[in-house]
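With compact mmCIF, C-alpha atoms inside, this is final_30.txt:
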# COMPACT_ATOMS: atom_id res chain seq x y z
CA MET A 1 0.00 0.00 0.00
CA PRO A 2 1.58 3.30 -0.97
CA LEU A 3 2.03 5.57 2.02
CA ASN A 4 -0.71 8.18 2.09
CA LEU A 5 1.54 11.21 2.18
CA GLY A 6 0.14 14.58 3.07
CA GLU A 7 0.99 17.66 1.07
CA GLU A 8 3.60 18.79 3.60
CA ASP A 9 5.30 15.39 3.58
CA ARG A 10 5.41 15.34 -0.22
CA ARG A 11 6.84 18.86 -0.33
CA LYS A 12 9.66 17.94 2.05
CA LEU A 13 10.44 14.59 0.43
CA PHE A 14 10.55 15.87 -3.12
CA ASP A 15 12.33 19.13 -2.40
CA PRO A 16 15.35 18.96 -4.78
CA GLU A 17 17.58 20.74 -2.26
CA ARG A 18 16.92 18.18 0.48
CA GLY A 19 16.98 15.10 -1.74
CA ALA A 20 15.11 12.96 0.79
CA ALA A 21 12.78 11.16 -1.66
CA PRO A 22 14.85 7.89 -1.62
CA LEU A 23 13.77 7.49 2.00
CA LEU A 24 10.30 6.72 0.66
CA ASP A 25 11.69 3.72 -1.24
CA MET A 26 13.43 2.48 1.90
CA VAL A 27 10.28 2.76 4.03
CA SER A 28 8.16 1.16 1.29
CA ALA A 29 10.56 -1.80 1.18
CA TYR A 30 10.03 -2.31 4.91
CA VAL A 31 6.26 -2.02 4.51
CA PHE A 32 6.24 -4.59 1.70
CA ARG A 33 8.25 -7.01 3.86
CA MET A 34 5.85 -6.49 6.77
CA ALA A 35 2.85 -7.11 4.53
CA SER A 36 4.26 -10.34 3.10
CA THR A 37 5.06 -11.52 6.63
CA GLY A 38 1.46 -10.83 7.60
CA MET A 39 0.28 -12.88 4.61
CA ARG A 40 2.45 -15.85 5.57
CA LEU A 41 1.20 -15.71 9.15
CA GLY A 42 -2.42 -15.63 7.99
CA LEU A 43 -2.88 -12.28 9.70
CA PHE A 44 -5.07 -10.62 7.09
CA GLU A 45 -7.49 -13.55 7.05
CA LEU A 46 -8.43 -12.67 10.65
CA PHE A 47 -10.02 -9.45 9.46
CA ARG A 48 -12.67 -11.29 7.46
CA GLU A 49 -14.49 -11.58 10.79
CA GLY A 50 -13.91 -7.98 11.88
CA SER A 51 -11.40 -6.06 13.97
CA CYS A 52 -9.06 -7.56 16.55
CA THR A 53 -6.50 -6.58 19.17
CA ALA A 54 -2.88 -7.69 19.32
CA ALA A 55 -3.75 -10.11 22.12
CA GLU A 56 -6.56 -11.65 20.07
CA ALA A 57 -4.36 -11.94 16.99
CA ALA A 58 -1.58 -13.55 19.04
CA ALA A 59 -3.96 -16.14 20.48
CA ARG A 60 -5.57 -17.02 17.15
CA LEU A 61 -2.29 -17.21 15.22
CA ASP A 62 -0.26 -18.76 18.07
CA VAL A 63 2.45 -16.09 17.85
CA ASP A 64 4.21 -13.76 20.25
CA GLU A 65 1.92 -10.98 21.44
CA ARG A 66 4.59 -8.27 21.52
CA GLY A 67 5.86 -9.26 18.06
CA ILE A 68 2.42 -9.29 16.46
CA GLY A 69 1.60 -6.02 18.20
CA LEU A 70 4.61 -4.33 16.63
CA LEU A 71 3.73 -5.83 13.24
CA LEU A 72 0.17 -4.48 13.57
CA HIS A 73 1.56 -1.03 14.44
CA GLY A 74 3.82 -1.14 11.40
CA LEU A 75 1.06 -2.25 9.04
CA ALA A 76 -1.19 0.51 10.31
CA ALA A 77 1.56 3.07 9.69
CA GLY A 78 2.10 1.57 6.24
CA GLY A 79 -1.56 1.87 5.26
CA TYR A 80 -2.58 -1.80 5.29
CA LEU A 81 -4.55 -1.54 8.54
CA GLN A 82 -6.60 1.03 10.37
CA ARG A 83 -6.25 1.52 14.11
CA ASP A 84 -8.92 2.51 16.62
CA GLY A 85 -7.44 2.45 20.10
CA GLU A 86 -6.21 -1.10 20.66
CA ARG A 87 -8.25 -2.58 17.84
CA TYR A 88 -7.14 -3.03 14.25
CA SER A 89 -9.15 -3.51 11.06
CA ILE A 90 -8.05 -3.90 7.45
CA ASP A 91 -7.96 -0.87 5.17
CA PRO A 92 -10.73 -1.09 2.50
CA VAL A 93 -8.24 -0.90 -0.40
CA ALA A 94 -6.05 -3.60 1.15
CA GLU A 95 -9.14 -5.70 1.84
CA LYS A 96 -10.17 -5.69 -1.80
CA PHE A 97 -6.65 -6.55 -2.94
CA LEU A 98 -5.68 -9.15 -0.34
CA LEU A 99 -8.96 -10.83 0.60
CA SER A 100 -10.78 -10.84 -2.74
CA ASP A 101 -7.94 -11.67 -5.14
CA PRO A 102 -5.99 -14.87 -4.35
CA GLY A 103 -3.70 -14.19 -7.30
CA ALA A 104 -2.58 -10.91 -5.74
CA VAL A 105 -1.48 -12.64 -2.54
CA GLU A 106 0.33 -15.30 -4.58
CA MET A 107 2.18 -12.62 -6.52
CA MET A 108 3.11 -10.62 -3.41
CA THR A 109 4.51 -13.56 -1.48
CA PHE A 110 6.35 -14.95 -4.52
CA TYR A 111 8.10 -11.67 -5.26
CA ASP A 112 8.92 -11.27 -1.59
CA THR A 113 10.68 -14.65 -1.76
CA LEU A 114 12.65 -13.51 -4.79
CA LEU A 115 13.71 -10.27 -3.14
CA VAL A 116 14.84 -11.97 0.06
CA HIS A 117 16.45 -15.12 -1.34
CA GLN A 118 17.46 -14.18 -4.89
CA TRP A 119 18.14 -10.45 -5.09
CA ALA A 120 20.56 -10.44 -2.16
CA ASP A 121 23.42 -10.85 -4.65
CA LEU A 122 22.04 -8.82 -7.55
CA GLU A 123 25.36 -7.00 -7.88
CA THR A 124 27.03 -10.34 -8.71
CA SER A 125 25.07 -10.77 -11.95
CA VAL A 126 25.39 -7.08 -12.84
CA ARG A 127 29.18 -7.32 -12.46
CA SER A 128 29.61 -10.64 -14.26
CA GLY A 129 26.71 -10.70 -16.74
CA THR A 130 25.88 -14.22 -15.55
CA PRO A 131 23.20 -15.42 -13.10
CA PRO A 132 24.84 -16.42 -9.79
CA ARG A 133 22.90 -19.71 -9.63
CA ASP A 134 20.68 -22.04 -11.62
CA TYR A 135 17.25 -20.58 -10.94
CA PHE A 136 15.27 -23.63 -12.01
CA ARG A 137 17.41 -25.94 -9.90
CA TRP A 138 16.84 -23.59 -6.97
CA LEU A 139 13.09 -23.82 -7.60
CA SER A 140 13.22 -27.62 -7.64
CA GLU A 141 14.95 -27.48 -4.25
CA HIS A 142 12.15 -25.28 -2.87
CA PRO A 143 8.96 -27.17 -3.80
CA ASP A 144 6.55 -24.73 -2.13
CA THR A 145 7.97 -21.84 -4.15
CA LEU A 146 8.02 -24.01 -7.28
CA ARG A 147 4.31 -24.79 -6.88
CA GLN A 148 3.61 -21.09 -6.34
CA PHE A 149 5.60 -20.21 -9.46
CA GLN A 150 3.73 -22.79 -11.53
CA ARG A 151 0.35 -21.56 -10.26
CA MET A 152 1.28 -18.01 -11.30
CA LEU A 153 2.31 -19.19 -14.77
CA SER A 154 -0.87 -21.23 -15.10
CA GLU A 155 -3.09 -18.34 -14.07
CA GLY A 156 -1.40 -16.02 -16.57
CA ALA A 157 -1.82 -18.62 -19.32
CA ARG A 158 -5.52 -19.07 -18.50
CA GLN A 159 -6.07 -15.34 -18.89
CA LEU A 160 -4.28 -15.23 -22.25
CA GLY A 161 -4.95 -18.71 -23.68
CA ASP A 162 -8.06 -18.08 -25.77
CA LYS A 163 -6.69 -14.75 -27.03
CA VAL A 164 -3.42 -16.36 -28.10
CA VAL A 165 -5.25 -19.17 -29.93
CA GLU A 166 -7.45 -16.67 -31.74
CA LEU A 167 -4.58 -14.41 -32.81
CA ALA A 168 -2.40 -17.35 -33.87
CA ALA A 169 -4.97 -18.26 -36.56
CA LEU A 170 -3.55 -21.77 -36.88
CA PRO A 171 -4.68 -23.34 -40.17
CA ASP A 172 -7.18 -26.18 -39.88
CA THR A 173 -4.72 -28.40 -41.78
CA ALA A 174 -2.27 -28.31 -38.85
CA ARG A 175 -1.97 -31.73 -37.21
CA ARG A 176 1.13 -31.59 -34.99
CA MET A 177 2.10 -28.80 -32.63
CA LEU A 178 5.05 -28.40 -30.27
CA ASP A 179 4.60 -26.30 -27.15
CA LEU A 180 8.08 -25.37 -25.89
CA GLY A 181 8.23 -24.45 -22.22
CA GLY A 182 4.48 -24.79 -21.68
CA GLY A 183 4.60 -27.50 -19.04
CA HIS A 184 1.38 -26.37 -17.35
CA GLY A 185 -0.52 -27.45 -20.49
CA ILE A 186 -2.91 -24.48 -20.58
CA TYR A 187 -1.99 -23.40 -24.10
CA ALA A 188 -1.85 -26.96 -25.43
CA ALA A 189 -5.38 -27.54 -24.11
CA ALA A 190 -6.67 -24.29 -25.64
CA PHE A 191 -5.23 -25.13 -29.08
CA CYS A 192 -6.48 -28.74 -28.98
CA ASN A 193 -9.97 -27.61 -27.98
CA ARG A 194 -10.07 -25.13 -30.86
CA HIS A 195 -8.62 -27.62 -33.41
CA PRO A 196 -10.09 -31.13 -32.92
CA GLU A 197 -7.57 -32.78 -35.28
CA LEU A 198 -4.52 -31.27 -33.60
CA HIS A 199 -2.03 -33.35 -31.58
CA ALA A 200 0.31 -31.48 -29.22
CA THR A 201 3.70 -32.27 -27.72
CA LEU A 202 4.67 -30.53 -24.48
CA PHE A 203 8.40 -30.03 -23.98
CA ASP A 204 9.64 -28.67 -20.65
CA LEU A 205 11.81 -29.48 -17.67
CA PRO A 206 10.59 -32.73 -16.05
CA ASP A 207 9.40 -31.04 -12.84
CA ALA A 208 7.37 -28.53 -14.85
CA LEU A 209 5.46 -31.23 -16.75
CA GLU A 210 3.71 -32.73 -13.72
CA ALA A 211 1.08 -29.98 -13.51
CA GLY A 212 0.35 -30.37 -17.23
CA ARG A 213 -0.12 -34.15 -16.99
CA GLU A 214 -2.74 -33.72 -14.28
CA MET A 215 -4.55 -30.82 -15.92
CA LEU A 216 -4.75 -32.43 -19.38
CA ALA A 217 -5.95 -35.74 -17.93
CA ASP A 218 -8.75 -33.90 -16.13
CA ALA A 219 -9.61 -32.09 -19.38
CA GLY A 220 -9.94 -35.37 -21.27
CA LEU A 221 -7.05 -34.50 -23.61
CA GLU A 222 -4.51 -37.01 -22.31
CA GLY A 223 -4.51 -39.04 -25.54
CA ARG A 224 -3.88 -35.99 -27.71
CA VAL A 225 -0.82 -34.67 -25.87
CA ASP A 226 2.68 -36.16 -25.54
CA PHE A 227 5.18 -35.13 -22.89
CA LEU A 228 8.91 -34.72 -23.41
CA GLY A 229 11.18 -33.71 -20.54
CA GLY A 230 14.47 -31.98 -21.18
CA ASP A 231 16.43 -28.80 -21.74
CA MET A 232 15.19 -26.98 -24.85
CA LEU A 233 18.63 -25.50 -25.53
CA ARG A 234 20.42 -28.85 -25.53
CA ASP A 235 18.00 -31.75 -25.95
CA ASP A 236 16.14 -33.00 -29.02
CA PHE A 237 12.50 -31.91 -29.15
CA GLY A 238 11.62 -33.71 -32.36
CA SER A 239 10.64 -32.55 -35.84
CA GLY A 240 7.80 -32.72 -38.36
CA TYR A 241 5.66 -30.11 -36.61
CA ASP A 242 3.14 -27.85 -38.33
CA ALA A 243 3.37 -25.26 -35.57
CA VAL A 244 5.65 -24.44 -32.64
CA LEU A 245 4.55 -22.26 -29.73
CA LEU A 246 6.96 -20.32 -27.51
CA ALA A 247 4.89 -18.56 -24.85
CA SER A 248 6.94 -16.53 -22.37
CA VAL A 249 10.11 -18.39 -23.36
CA VAL A 250 12.14 -15.77 -25.23
CA HIS A 251 12.37 -13.48 -22.21
CA CYS A 252 14.00 -16.29 -20.19
CA LEU A 253 17.00 -16.48 -22.55
CA GLY A 254 19.91 -14.31 -23.62
CA PRO A 255 20.24 -13.02 -27.19
CA GLU A 256 22.56 -15.77 -28.45
CA ASP A 257 20.43 -18.56 -26.97
CA ASN A 258 17.28 -17.08 -28.51
CA ALA A 259 18.82 -16.93 -31.98
CA ARG A 260 20.10 -20.50 -31.62
CA LEU A 261 16.75 -21.82 -30.32
CA LEU A 262 14.73 -20.18 -33.08
CA GLY A 263 17.04 -21.73 -35.64
CA ARG A 264 16.37 -25.16 -34.14
CA VAL A 265 12.62 -24.41 -34.14
CA ARG A 266 12.80 -23.57 -37.83
CA ASP A 267 14.43 -26.94 -38.52
CA ALA A 268 11.76 -28.75 -36.47
CA LEU A 269 8.93 -27.35 -38.62
CA ASN A 270 7.49 -28.85 -41.78
CA PRO A 271 7.75 -26.67 -44.92
CA GLY A 272 5.28 -23.82 -44.53
CA GLY A 273 5.03 -24.43 -40.77
CA VAL A 274 4.50 -21.51 -38.40
CA VAL A 275 6.20 -20.39 -35.20
CA ILE A 276 4.04 -18.53 -32.67
CA VAL A 277 5.85 -16.38 -30.12
CA SER A 278 3.83 -14.80 -27.30
CA GLU A 279 5.99 -12.35 -25.38
CA GLN A 280 5.76 -9.52 -22.91
CA VAL A 281 7.70 -6.78 -24.66
CA VAL A 282 9.70 -3.99 -23.11
CA GLU A 283 7.62 -1.30 -24.85
CA GLY A 284 4.57 -2.39 -22.84
CA ARG A 285 1.29 -1.14 -24.20
CA PRO A 286 0.01 2.30 -25.15
CA ASN A 287 -0.90 4.55 -22.23
CA ASP A 288 0.81 2.36 -19.61
CA THR A 289 0.97 3.98 -16.19
CA ILE A 290 4.28 5.01 -14.67
CA LEU A 291 3.87 2.14 -12.20
CA ARG A 292 3.41 -0.35 -15.03
CA GLN A 293 6.42 0.99 -16.92
CA ALA A 294 8.53 0.74 -13.76
CA PHE A 295 7.38 -2.85 -13.21
CA LEU A 296 8.40 -3.86 -16.73
CA GLN A 297 11.91 -2.51 -16.18
CA MET A 298 12.16 -4.21 -12.80
CA PHE A 299 10.88 -7.47 -14.28
CA SER A 300 13.42 -7.24 -17.10
CA LEU A 301 16.28 -6.90 -14.61
CA ASN A 302 14.80 -9.75 -12.58
CA LEU A 303 14.92 -12.01 -15.65
CA PHE A 304 18.54 -11.02 -16.30
CA HIS A 305 19.54 -11.77 -12.72
CA LEU A 306 17.67 -15.07 -12.40
CA MET A 307 18.03 -16.60 -15.86
CA GLY A 308 20.20 -14.39 -18.05
CA GLY A 309 17.20 -13.14 -20.03
CA GLN A 310 15.34 -9.85 -20.15
CA LEU A 311 12.33 -8.25 -21.83
CA TYR A 312 13.07 -7.50 -25.48
CA SER A 313 11.65 -5.06 -28.00
CA ARG A 314 9.30 -6.07 -30.79
CA GLU A 315 11.97 -5.12 -33.32
CA THR A 316 14.56 -7.37 -31.66
CA ILE A 317 12.28 -10.42 -31.58
CA ALA A 318 11.16 -9.87 -35.18
CA GLY A 319 14.82 -9.60 -36.21
CA TRP A 320 15.67 -12.93 -34.58
CA LEU A 321 12.81 -14.58 -36.44
CA THR A 322 13.78 -13.34 -39.89
CA GLY A 323 17.43 -14.05 -39.14
CA SER A 324 16.59 -17.63 -38.18
CA GLY A 325 14.90 -18.54 -41.46
CA PHE A 326 11.36 -17.23 -41.03
CA GLU A 327 9.35 -14.85 -43.13
CA PRO A 328 8.73 -11.39 -41.60
CA PRO A 329 6.34 -12.01 -38.69
CA VAL A 330 2.84 -10.69 -38.29
CA LEU A 331 2.59 -8.83 -34.97
CA ASN A 332 -0.61 -8.53 -32.97
CA PRO A 333 -1.00 -7.03 -29.48
CA VAL A 334 -2.75 -9.42 -27.09
CA ALA A 335 -5.77 -7.51 -25.80
CA GLU A 336 -5.63 -6.12 -22.26
CA SER A 337 -2.04 -7.17 -21.70
CA SER A 338 1.52 -6.07 -22.40
CA PHE A 339 2.05 -9.17 -24.57
CA THR A 340 2.56 -9.20 -28.32
CA LEU A 341 1.98 -12.26 -30.49
CA PHE A 342 4.44 -12.89 -33.33
CA ALA A 343 3.40 -15.37 -36.05
CA ALA A 344 5.96 -16.24 -38.72
CA ARG A 345 6.06 -18.93 -41.39
CA ARG A 346 9.14 -20.93 -42.16
CA ALA A 347 10.84 -19.41 -45.20
CA ASP A 348 11.37 -22.12 -47.80
CA GLY A 349 12.25 -20.05 -50.86
File written out as structure tokens:
Amino acid sequence: MPLNLGEEDRRKLFDPERGAAPLLDMVSAYVFRMASTGMRLGLFELFREGSCTAAEAAARLDVDERGIGLLLHGLAAGGYLQRDGERYSIDPVAEKFLLSDPGAVEMMTFYDTLLVHQWADLETSVRSGTPPRDYFRWLSEHPDTLRQFQRMLSEGARQLGDKVVELAALPDTARRMLDLGGGHGIYAAAFCNRHPELHATLFDLPDALEAGREMLADAGLEGRVDFLGGDMLRDDFGSGYDAVLLASVVHCLGPEDNARLLGRVRDALNPGGVVIVSEQVVEGRPNDTILRQAFLQMFSLNLFHLMGGQLYSRETIAGWLTGSGFEPPVLNPVAESSFTLFAARRADG
């Protein structure tokens, strides 16, 4: 929750002679950490039933009364709670965000984990140009965070799936499709439902495929989807495909790896086959807010630090496609998102 600064506070903070505005970032970082701690403790759920005191919260959460009291004070100062004497209630804006939107809580706690456990050595990757650890191995060693990460990916794919299928305009003659990095199976299911004759192959890291196996079995599509586990940069993902989908894959890789992967994708396609790239691009979307623009830049640095990737421009991605043996791609913005869909046919002339 942004601190609700009064006019006098804003004047002092943003006075160019004093230069105190960075203090707001420092305090906001503390507030964010307090809020994510409250989420993990289940604190905000207490307020579904009304206000409570520190003693009541301590008893219901089985935590230290002095500690929870200080956390309640901090959250009230940070704008998440309202205080009336010794009783606390949740702020209406925070209530709508934290108690009505499970995806928001998932996102907040996941990014808190990244900041605490991954960004502690951000300067290492900035100095060296190389991630300090294998992010996906780290995820596999932290199964709770891995499940949270996969749920976030799945939710994002559900929101975009039908739009991506529509914009891809896959020809009805397509029979075999490869979904690279789509282990959750959301996109494969959407394409198979739209095209009854289509058979899909999911290629992803073995741990990432488990969610897709379960989801596709529940959807009755188990017989129309194959699963291949491996590393897309090193392992064979087959050939003879009419279409290849890369959804949120390009931003995970560095420039050289993207050019190399797209060349391999071109070779895996039948003549006239199409590659479909769905990517969040660094330009964002028209009329993005300052907050949204700042998030895109932060997210791009996060990708660089964790995986060696970043958000790329539309021009850069289109250039990789044509340079890898594809015709100039058709670009379509994905409605109500910062994603762009690139569709390019294999160049066989």
Closest to Arg260 in chain A among A:Cys52, A:Leu233, A:Ala169, A:Ala243, using only C-alpha atoms?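 Of the candidates, the smallest distance to Arg260 in chain A is held by A:Leu233.
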Would you kindly return, as a PyMOL selection string, each protein, DNA or RNA residue with an atom no farther than 10 Å from any atom of Glu45 in chain A, considering all atoms listed in the file and excluding same-chain residues fewer than 4 positions away? chain A and resi 38-39+41+49-50+90+95+98-99
Give the answer as one residue: which of A:Thr124, A:Ser154, A:Ser278, A:Gln293 has the shortest atom-to-atom distance to Leu341 in chain A, using only C-alpha atoms?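 Between A:Thr124, A:Ser154, A:Ser278, A:Gln293, the residue approaching Leu341 in chain A most closely is A:Ser278.
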Taking into account only C-alpha atoms, which residue in the set A:Thr201, A:Asn193, A:Asn270, A:Ser51 is nearest to Leu178 in chain A?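 Answer, going by the shortest atom-to-atom distance: A:Thr201.
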Which residue gives the smallest distance to Ala174 in chain A among A:Asp84, A:Asp242, A:Asp134, A:Glu214, with all atoms listed in the file counted?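 Comparing A:Asp84, A:Asp242, A:Asp134, A:Glu214 against Ala174 in chain A, the winner is A:Asp242.
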Contacts of Gly182 in chain A within 10 Å, only C-alpha atoms, excl. fewer than 3 positions in-chain, as a ChimeraX atom specification: /A:153-154,157,178-179,185-188,201-205,208-209,212,245-249
